[in-house]
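**Student:** Handing over model_15.cif, mmCIF, C-alpha atoms.
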```cif
data_data
loop_
_atom_site.group_PDB
_atom_site.id
_atom_site.type_symbol
_atom_site.label_atom_id
_atom_site.label_comp_id
_atom_site.auth_asym_id
_atom_site.auth_seq_id
_atom_site.Cartn_x
_atom_site.Cartn_y
_atom_site.Cartn_z
ATOM 1 C CA MET A 1 -154.896 198.682 -44.588
ATOM 2 C CA SER A 2 -158.319 198.304 -42.981
ATOM 3 C CA HIS A 3 -158.797 195.282 -40.742
ATOM 4 C CA ARG A 4 -161.715 194.291 -42.945
ATOM 5 C CA HIS A 5 -159.339 193.720 -45.850
ATOM 6 C CA LEU A 6 -156.351 192.122 -44.113
ATOM 7 C CA LEU A 7 -157.375 188.510 -44.558
ATOM 8 C CA VAL A 8 -158.839 188.997 -48.042
ATOM 9 C CA ALA A 9 -155.705 190.719 -49.323
ATOM 10 C CA LEU A 10 -153.492 187.937 -48.047
ATOM 11 C CA LEU A 11 -155.655 185.233 -49.527
ATOM 12 C CA LEU A 12 -155.535 186.936 -52.926
ATOM 13 C CA GLY A 13 -151.795 187.501 -52.719
ATOM 14 C CA ALA A 14 -151.057 183.946 -51.723
ATOM 15 C CA THR A 15 -152.799 182.219 -54.611
ATOM 16 C CA ALA A 16 -149.545 182.092 -56.574
ATOM 17 C CA ALA A 17 -147.930 179.979 -53.850
ATOM 18 C CA ALA A 18 -150.740 177.513 -53.096
ATOM 19 C CA PRO A 19 -154.032 176.283 -54.578
ATOM 20 C CA ALA A 20 -157.005 178.484 -53.823
ATOM 21 C CA GLY A 21 -158.825 175.679 -52.045
ATOM 22 C CA ALA A 22 -155.935 175.110 -49.656
ATOM 23 C CA ILE A 23 -155.683 178.838 -48.854
ATOM 24 C CA GLU A 24 -159.409 179.096 -48.175
ATOM 25 C CA THR A 25 -159.241 176.051 -45.883
ATOM 26 C CA GLU A 26 -156.361 177.557 -43.900
ATOM 27 C CA GLY A 27 -158.164 180.892 -43.629
ATOM 28 C CA ARG A 28 -161.355 179.261 -42.394
ATOM 29 C CA LYS A 29 -159.396 177.280 -39.800
ATOM 30 C CA GLU A 30 -157.905 180.448 -38.296
ATOM 31 C CA LEU A 31 -161.289 182.210 -38.311
ATOM 32 C CA ASP A 32 -162.797 179.251 -36.490
ATOM 33 C CA ARG A 33 -159.922 179.246 -34.002
ATOM 34 C CA LEU A 34 -160.432 182.887 -33.058
ATOM 35 C CA ASP A 35 -164.168 182.417 -32.692
ATOM 36 C CA ARG A 36 -163.615 179.354 -30.527
ATOM 37 C CA CYS A 37 -161.267 181.423 -28.313
ATOM 38 C CA ARG A 38 -164.129 183.883 -27.831
ATOM 39 C CA GLU A 39 -166.514 181.078 -26.890
ATOM 40 C CA VAL A 40 -164.068 179.637 -24.351
ATOM 41 C CA VAL A 41 -163.600 183.009 -22.625
ATOM 42 C CA GLU A 42 -167.359 183.568 -22.439
ATOM 43 C CA GLU A 43 -168.119 180.051 -21.210
ATOM 44 C CA MET A 44 -165.332 179.833 -18.620
ATOM 45 C CA THR A 45 -166.254 183.177 -17.049
ATOM 46 C CA SER A 46 -170.032 182.726 -17.093
ATOM 47 C CA VAL A 47 -170.333 179.922 -14.531
ATOM 48 C CA LYS A 48 -169.980 180.405 -10.784
ATOM 49 C CA GLU A 49 -167.212 177.811 -10.513
ATOM 50 C CA GLY A 50 -165.319 179.420 -13.406
ATOM 51 C CA ILE A 51 -162.678 182.121 -13.813
ATOM 52 C CA PRO A 52 -163.262 184.999 -11.348
ATOM 53 C CA LEU A 53 -163.818 188.256 -13.199
ATOM 54 C CA ASP A 54 -161.713 190.061 -10.594
ATOM 55 C CA PHE A 55 -158.695 188.076 -11.745
ATOM 56 C CA LEU A 56 -159.486 188.650 -15.408
ATOM 57 C CA ARG A 57 -159.723 192.384 -14.754
ATOM 58 C CA LYS A 58 -156.345 192.411 -13.040
ATOM 59 C CA SER A 59 -154.628 190.499 -15.816
ATOM 60 C CA GLU A 60 -152.262 192.081 -18.313
ATOM 61 C CA CYS A 61 -152.764 189.486 -21.055
ATOM 62 C CA VAL A 62 -155.012 186.504 -21.733
ATOM 63 C CA ILE A 63 -153.911 183.382 -23.603
ATOM 64 C CA VAL A 64 -156.637 181.022 -24.832
ATOM 65 C CA ILE A 65 -155.927 177.513 -26.149
ATOM 66 C CA PRO A 66 -159.216 175.819 -27.080
ATOM 67 C CA GLY A 67 -159.241 172.061 -27.482
ATOM 68 C CA LEU A 68 -155.755 171.183 -26.205
ATOM 69 C CA LYS A 69 -155.320 167.558 -27.246
ATOM 70 C CA LYS A 70 -153.137 164.617 -26.397
ATOM 71 C CA ALA A 71 -150.199 164.321 -28.762
ATOM 72 C CA ALA A 72 -150.027 161.247 -30.953
ATOM 73 C CA LEU A 73 -146.493 160.571 -29.749
ATOM 74 C CA GLY A 74 -144.915 161.001 -26.348
ATOM 75 C CA VAL A 75 -146.055 160.224 -22.821
ATOM 76 C CA GLY A 76 -148.338 162.883 -21.392
ATOM 77 C CA GLY A 77 -147.525 165.323 -24.182
ATOM 78 C CA ARG A 78 -150.193 167.573 -25.573
ATOM 79 C CA MET A 79 -150.510 170.200 -28.281
ATOM 80 C CA GLY A 80 -152.920 172.980 -29.146
ATOM 81 C CA TRP A 81 -153.288 176.297 -30.890
ATOM 82 C CA GLY A 82 -154.973 179.508 -29.794
ATOM 83 C CA ALA A 83 -154.388 183.220 -29.367
ATOM 84 C CA ALA A 84 -153.025 185.765 -26.893
ATOM 85 C CA VAL A 85 -154.429 189.266 -26.309
ATOM 86 C CA CYS A 86 -152.817 191.984 -24.154
ATOM 87 C CA ARG A 87 -153.852 195.368 -22.850
ATOM 88 C CA THR A 88 -152.163 198.253 -24.637
ATOM 89 C CA HIS A 89 -150.508 201.347 -23.110
ATOM 90 C CA HIS A 90 -148.459 199.399 -20.553
ATOM 91 C CA GLY A 91 -151.419 197.456 -19.237
ATOM 92 C CA ILE A 92 -153.846 200.326 -18.693
ATOM 93 C CA GLY A 93 -155.277 200.688 -22.194
ATOM 94 C CA PRO A 94 -157.918 198.745 -24.131
ATOM 95 C CA TRP A 95 -157.350 195.190 -25.310
ATOM 96 C CA GLY A 96 -155.224 195.047 -28.452
ATOM 97 C CA ALA A 97 -154.823 192.773 -31.457
ATOM 98 C CA PRO A 98 -154.383 189.022 -30.947
ATOM 99 C CA LEU A 99 -151.201 187.036 -31.480
ATOM 100 C CA MET A 100 -151.778 183.510 -32.735
ATOM 101 C CA MET A 101 -150.055 181.009 -30.432
ATOM 102 C CA SER A 102 -149.160 177.331 -30.074
ATOM 103 C CA LEU A 103 -148.717 175.278 -26.903
ATOM 104 C CA LYS A 104 -146.759 172.049 -27.166
ATOM 105 C CA GLY A 105 -144.917 169.445 -25.154
ATOM 106 C CA GLY A 106 -144.392 169.059 -21.482
ATOM 107 C CA SER A 107 -145.923 166.585 -19.079
ATOM 108 C CA ILE A 108 -149.480 167.850 -19.283
ATOM 109 C CA GLY A 109 -151.709 165.379 -17.472
ATOM 110 C CA VAL A 110 -155.431 165.922 -16.982
ATOM 111 C CA GLN A 111 -156.234 164.910 -13.425
ATOM 112 C CA ILE A 112 -159.794 163.852 -14.217
ATOM 113 C CA GLY A 113 -159.012 162.365 -17.609
ATOM 114 C CA GLY A 114 -160.370 163.413 -20.980
ATOM 115 C CA GLN A 115 -158.967 163.746 -24.466
ATOM 116 C CA SER A 116 -159.386 167.494 -24.908
ATOM 117 C CA SER A 117 -159.157 170.515 -22.620
ATOM 118 C CA ASP A 118 -159.806 174.227 -23.001
ATOM 119 C CA ILE A 119 -157.040 176.349 -21.492
ATOM 120 C CA VAL A 120 -157.060 179.985 -20.368
ATOM 121 C CA LEU A 121 -153.851 181.540 -19.032
ATOM 122 C CA LEU A 122 -153.957 184.913 -17.287
ATOM 123 C CA VAL A 123 -150.710 186.876 -17.380
ATOM 124 C CA MET A 124 -150.699 188.790 -14.108
ATOM 125 C CA ASP A 125 -147.202 190.296 -13.997
ATOM 126 C CA PRO A 126 -145.073 192.453 -16.352
ATOM 127 C CA LYS A 127 -142.436 189.712 -16.247
ATOM 128 C CA GLY A 128 -145.015 187.386 -17.756
ATOM 129 C CA ILE A 129 -145.508 189.845 -20.608
ATOM 130 C CA ASP A 130 -141.754 189.880 -21.253
ATOM 131 C CA ARG A 131 -141.853 186.097 -21.599
ATOM 132 C CA LEU A 132 -144.800 186.333 -23.981
ATOM 133 C CA LEU A 133 -142.916 188.798 -26.175
ATOM 134 C CA SER A 134 -140.105 186.312 -26.721
ATOM 135 C CA ASN A 135 -140.321 183.898 -29.630
ATOM 136 C CA LYS A 136 -140.778 180.925 -27.319
ATOM 137 C CA PHE A 137 -140.812 180.266 -23.571
ATOM 138 C CA THR A 138 -141.352 177.350 -21.227
ATOM 139 C CA LEU A 139 -143.979 177.408 -18.515
ATOM 140 C CA GLY A 140 -142.576 176.731 -15.083
ATOM 141 C CA ALA A 141 -138.977 177.326 -16.191
ATOM 142 C CA ASP A 142 -139.019 180.717 -17.914
ATOM 143 C CA ALA A 143 -142.254 181.915 -16.285
ATOM 144 C CA THR A 144 -143.797 180.944 -12.959
ATOM 145 C CA ILE A 145 -147.259 179.411 -13.292
ATOM 146 C CA ALA A 146 -149.893 178.292 -10.793
ATOM 147 C CA ALA A 147 -153.435 176.992 -10.992
ATOM 148 C CA GLY A 148 -155.775 179.947 -10.535
ATOM 149 C CA PRO A 149 -158.531 179.889 -7.918
ATOM 150 C CA VAL A 150 -161.997 179.378 -9.366
ATOM 151 C CA GLY A 151 -165.443 180.675 -8.529
ATOM 152 C CA ARG A 152 -165.920 182.944 -5.580
ATOM 153 C CA ALA A 153 -163.230 181.363 -3.426
ATOM 154 C CA VAL A 154 -160.601 183.861 -4.556
ATOM 155 C CA GLU A 155 -159.333 184.409 -1.029
ATOM 156 C CA ALA A 156 -158.459 180.726 -0.817
ATOM 157 C CA GLY A 157 -155.575 181.243 -3.237
ATOM 158 C CA THR A 158 -152.143 180.401 -1.860
ATOM 159 C CA ASP A 159 -149.215 182.795 -1.791
ATOM 160 C CA ALA A 160 -147.705 180.873 -4.698
ATOM 161 C CA THR A 161 -150.865 181.459 -6.706
ATOM 162 C CA LEU A 162 -151.072 185.147 -5.889
ATOM 163 C CA HIS A 163 -147.409 185.730 -6.775
ATOM 164 C CA ALA A 164 -147.280 183.664 -9.969
ATOM 165 C CA GLU A 165 -146.612 185.423 -13.242
ATOM 166 C CA ILE A 166 -149.263 183.315 -14.975
ATOM 167 C CA LEU A 167 -152.461 181.748 -13.613
ATOM 168 C CA SER A 168 -153.847 178.720 -15.435
ATOM 169 C CA TYR A 169 -157.454 177.590 -15.851
ATOM 170 C CA SER A 170 -158.560 174.450 -17.652
ATOM 171 C CA ARG A 171 -161.813 172.722 -18.485
ATOM 172 C CA SER A 172 -162.265 169.147 -19.627
ATOM 173 C CA ARG A 173 -165.607 167.575 -20.534
ATOM 174 C CA GLY A 174 -167.392 170.603 -19.139
ATOM 175 C CA LEU A 175 -165.670 170.399 -15.747
ATOM 176 C CA PHE A 176 -162.894 172.585 -14.400
ATOM 177 C CA ALA A 177 -159.887 170.308 -13.989
ATOM 178 C CA GLY A 178 -156.347 170.514 -12.690
ATOM 179 C CA LEU A 179 -153.567 170.501 -15.262
ATOM 180 C CA SER A 180 -149.822 170.402 -14.814
ATOM 181 C CA LEU A 181 -148.627 172.797 -17.503
ATOM 182 C CA GLU A 182 -145.029 172.994 -16.325
ATOM 183 C CA GLY A 183 -142.630 172.074 -19.102
ATOM 184 C CA ALA A 184 -145.010 173.038 -21.901
ATOM 185 C CA SER A 185 -143.759 175.663 -24.338
ATOM 186 C CA LEU A 186 -145.686 178.616 -25.728
ATOM 187 C CA ALA A 187 -144.631 180.137 -29.037
ATOM 188 C CA GLN A 188 -145.907 182.451 -31.744
ATOM 189 C CA ASP A 189 -147.738 180.589 -34.497
ATOM 190 C CA LYS A 190 -145.963 182.413 -37.304
ATOM 191 C CA LYS A 191 -147.894 180.734 -40.101
ATOM 192 C CA ALA A 192 -151.261 181.704 -38.624
ATOM 193 C CA ASN A 193 -150.139 185.267 -37.887
ATOM 194 C CA LEU A 194 -148.909 185.656 -41.454
ATOM 195 C CA LEU A 195 -152.281 184.499 -42.692
ATOM 196 C CA ILE A 196 -154.204 186.858 -40.393
ATOM 197 C CA TYR A 197 -152.051 189.975 -40.786
ATOM 198 C CA GLY A 198 -150.568 189.514 -44.249
ATOM 199 C CA GLU A 199 -147.000 190.145 -43.089
ATOM 200 C CA ALA A 200 -144.412 188.782 -40.688
ATOM 201 C CA LEU A 201 -144.670 190.669 -37.388
ATOM 202 C CA SER A 202 -142.907 190.424 -34.050
ATOM 203 C CA SER A 203 -144.868 189.503 -30.942
ATOM 204 C CA ARG A 204 -144.306 193.011 -29.569
ATOM 205 C CA ASP A 205 -145.619 194.706 -32.703
ATOM 206 C CA VAL A 206 -148.849 192.731 -32.487
ATOM 207 C CA LEU A 207 -149.553 192.596 -28.757
ATOM 208 C CA LEU A 208 -148.425 196.027 -27.558
ATOM 209 C CA ASN A 209 -149.028 198.235 -30.596
ATOM 210 C CA PRO A 210 -152.058 200.438 -29.784
ATOM 211 C CA HIS A 211 -152.316 201.403 -33.454
ATOM 212 C CA ARG A 212 -152.537 197.864 -34.767
ATOM 213 C CA ASP A 213 -155.918 197.253 -36.405
ATOM 214 C CA ILE A 214 -157.941 194.399 -34.959
ATOM 215 C CA PRO A 215 -158.407 191.839 -37.763
ATOM 216 C CA SER A 216 -162.086 191.326 -38.431
ATOM 217 C CA PRO A 217 -162.035 187.620 -37.416
ATOM 218 C CA ALA A 218 -160.752 188.679 -33.961
ATOM 219 C CA ILE A 219 -163.233 191.463 -33.238
ATOM 220 C CA GLY A 220 -165.575 189.120 -31.372
ATOM 221 C CA LEU A 221 -162.797 187.925 -29.048
ATOM 222 C CA VAL A 222 -161.508 191.423 -28.318
ATOM 223 C CA ASP A 223 -165.026 192.801 -27.801
ATOM 224 C CA THR A 224 -165.758 189.999 -25.331
ATOM 225 C CA LEU A 225 -162.655 190.868 -23.294
ATOM 226 C CA GLU A 226 -163.620 194.551 -23.348
ATOM 227 C CA ARG A 227 -167.089 193.706 -22.080
ATOM 228 C CA LEU A 228 -165.921 191.359 -19.333
ATOM 229 C CA SER A 229 -162.829 193.341 -18.370
ATOM 230 C CA PRO A 230 -163.197 196.992 -19.390
ATOM 231 C CA LEU A 231 -160.520 199.679 -19.267
ATOM 232 C CA SER A 232 -161.243 200.824 -15.716
ATOM 233 C CA ARG A 233 -159.907 198.194 -13.302
#
```
Could the structure of this file be written out as structure tokens, please?
**Tutor:**
Amino acid sequence: MSHRHLLVALLLGATAAAPAGAIETEGRKELDRLDRCREVVEEMTSVKEGIPLDFLRKSECVIVIPGLKKAALGVGGRMGWGAAVCRTHHGIGPWGAPLMMSLKGGSIGVQIGGQSSDIVLLVMDPKGIDRLLSNKFTLGADATIAAGPVGRAVEAGTDATLHAEILSYSRSRGLFAGLSLEGASLAQDKKANLLIYGEALSSRDVLLNPHRDIPSPAIGLVDTLERLSPLSR
């Protein structure tokens, strides 16, 4: 099925299970989420104190969680939803289709305060990809994570940063801020993926399948990654 018809077909097929208005609202929410992921990538790489393009180009996968918010319950807990995109062909091919993701729990404290933060995680190591392909994993326990160096001071990164499986970047109130993401869990957002793709798929079949069509709502995000971090690295 063409990527242009994936979302439409699902919306039509799901009308028997839920009111049309509810389905349209859910579909619009996921479209907005993917477009917001695109905006976050563009904005956090376009400023000199932002994510270094050299690191983006070396990454195997990118996970974007726009608008991570404080949870209503729990001390320091936060929750957010976004998407992950990986390079195909064992990390040397073009960017593939996105996997809708959720990030929840953990002691996630914003060092400079703020109610909402945009998060970008760069998966730098094949081991990090293996974690991403599981149904759920915990940052800091199942995968090593470190705050990524920003701006042009890439050489200032510590050994721990340069050897971490995942590098984290966060922005709160327009400023790049430090976040402690250890203890937070990342998982596939199965409901959103079902809505986008029209069928239940494994993380591997979405992220690493070079033949998977890019859903039309995600074309902007994938095109942005291709422009900022093309095939030749």
**Student:** Residues within 10 Å of A:Ala192, please, as a PyMOL selection string. Count all atoms listed in the file; anything in the same chain fewer than 2 positions from it doesn't count.
**Tutor:** chain A and resi 26-27+29-30+81-83+99-102+188-190+194-198
**Student:** Keeping only C-alpha atoms, write the selected residues to a file as an mmCIF file, in the frame of the given file.
**Tutor:**
```
data_model
loop_
_atom_site.group_PDB
_atom_site.id
_atom_site.type_symbol
_atom_site.label_atom_id
_atom_site.label_comp_id
_atom_site.auth_asym_id
_atom_site.auth_seq_id
_atom_site.Cartn_x
_atom_site.Cartn_y
_atom_site.Cartn_z
ATOM 1 C CA GLU A 26 -156.361 177.557 -43.900
ATOM 2 C CA GLY A 27 -158.164 180.892 -43.629
ATOM 3 C CA LYS A 29 -159.396 177.280 -39.800
ATOM 4 C CA GLU A 30 -157.905 180.448 -38.296
ATOM 5 C CA TRP A 81 -153.288 176.297 -30.890
ATOM 6 C CA GLY A 82 -154.973 179.508 -29.794
ATOM 7 C CA ALA A 83 -154.388 183.220 -29.367
ATOM 8 C CA LEU A 99 -151.201 187.036 -31.480
ATOM 9 C CA MET A 100 -151.778 183.510 -32.735
ATOM 10 C CA MET A 101 -150.055 181.009 -30.432
ATOM 11 C CA SER A 102 -149.160 177.331 -30.074
ATOM 12 C CA GLN A 188 -145.907 182.451 -31.744
ATOM 13 C CA ASP A 189 -147.738 180.589 -34.497
ATOM 14 C CA LYS A 190 -145.963 182.413 -37.304
ATOM 15 C CA LEU A 194 -148.909 185.656 -41.454
ATOM 16 C CA LEU A 195 -152.281 184.499 -42.692
ATOM 17 C CA ILE A 196 -154.204 186.858 -40.393
ATOM 18 C CA TYR A 197 -152.051 189.975 -40.786
ATOM 19 C CA GLY A 198 -150.568 189.514 -44.249
#
```
**Student:** Check the smallest atom-to-atom distance from each of A:Gly174, A:Gly183, A:Gly140, A:Gly91 to A:Pro126 using only C-alpha atoms, then report the winner.
**Tutor:**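 So, comparing all the options, the nearest one is A:Gly91.
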**Student:** Running the PyMOL selection byres ((chain A and resi 228) around 12) on this model by hand, what would come out? Give it as a VMD selection string.
**Tutor:** chain A and resid 38 41 to 46 51 to 59 94 to 95 221 to 227 229 to 233
**Student:** Would you mind listing what lies within 7 Å of A:Gly148 as a list in words, with all atoms listed in the file counted and same-chain residues fewer than 2 positions away left out?
**Tutor:**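 Residues near the query, excluding close chain neighbours: Ala146, Val150, Thr161, Leu167, Ser168 and Tyr169 of chain A.
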**Student:** For the file shown, what are the residues hit by the PyMOL selection byres ((chain A and resi 68) around 7), laid out as a list in words?
**Tutor:**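 So the PyMOL selection byres ((chain A and resi 68) around 7), applied here, picks out Ile65, Pro66, Gly67, Lys69, Arg78, Met79, Gly80, Ser116, Ser117 and Asp118 of chain A.
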**Student:** Using all atoms listed in the file, can you tell me which of A:Asp32, A:Leu208, A:Arg173, A:Val85 comes closest to A:Val120?
**Tutor:**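 Ranking A:Asp32, A:Leu208, A:Arg173, A:Val85 by distance to A:Val120, first place goes to A:Val85.
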**Student:** Please report the interatomic distance between atom CA of A:Leu201 and atom CA of A:Glu182 in Å with one decimal.
**Tutor:**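 Atom CA of A:Glu182 lies at a distance of 27.5 Å from atom CA of A:Leu201.
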**Student:** Under the rule that all atoms listed in the file are counted, which of A:Val47, A:Arg204, A:Asn135, A:Pro98 is the nearest residue to A:Ala218?
**Tutor:**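 For A:Ala218, the nearest of the given residues is A:Pro98.
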**Student:** Provide the atom CA of A:Ile145 to atom CA of A:Lys48 distance in Å, to one decimal place.
**Tutor:**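 Going from atom CA of A:Ile145 over to atom CA of A:Lys48 covers 22.9 Å.
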**Student:** Rounded to one decimal place, report the atom CA of A:Leu121-atom CA of A:Arg36 distance in Å.
**Tutor:** 15.2 Å
**Student:** Select, from A:Met124, A:Ala97, A:Leu34, A:Ala147, the residue with the minimum atom-to-atom distance to A:Asp205, counting all atoms listed in the file.
**Tutor:**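 When distances to A:Asp205 are compared using all atoms listed in the file, the smallest one comes from A:Ala97.
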**Student:** Have a look at A:Cys37, A:Leu133, A:Ala200, A:Val206 and name the one nearest to A:Gly96; count all atoms listed in the file.
**Tutor:**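 Between A:Cys37, A:Leu133, A:Ala200, A:Val206, the residue approaching A:Gly96 most closely is A:Val206.
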**Student:** I want to know what sits within 9 Å of A:Leu139, based on all atoms listed in the file, with residues of the same chain fewer than 5 positions away left out; could you give that as a count of residues only?
**Tutor:** 10
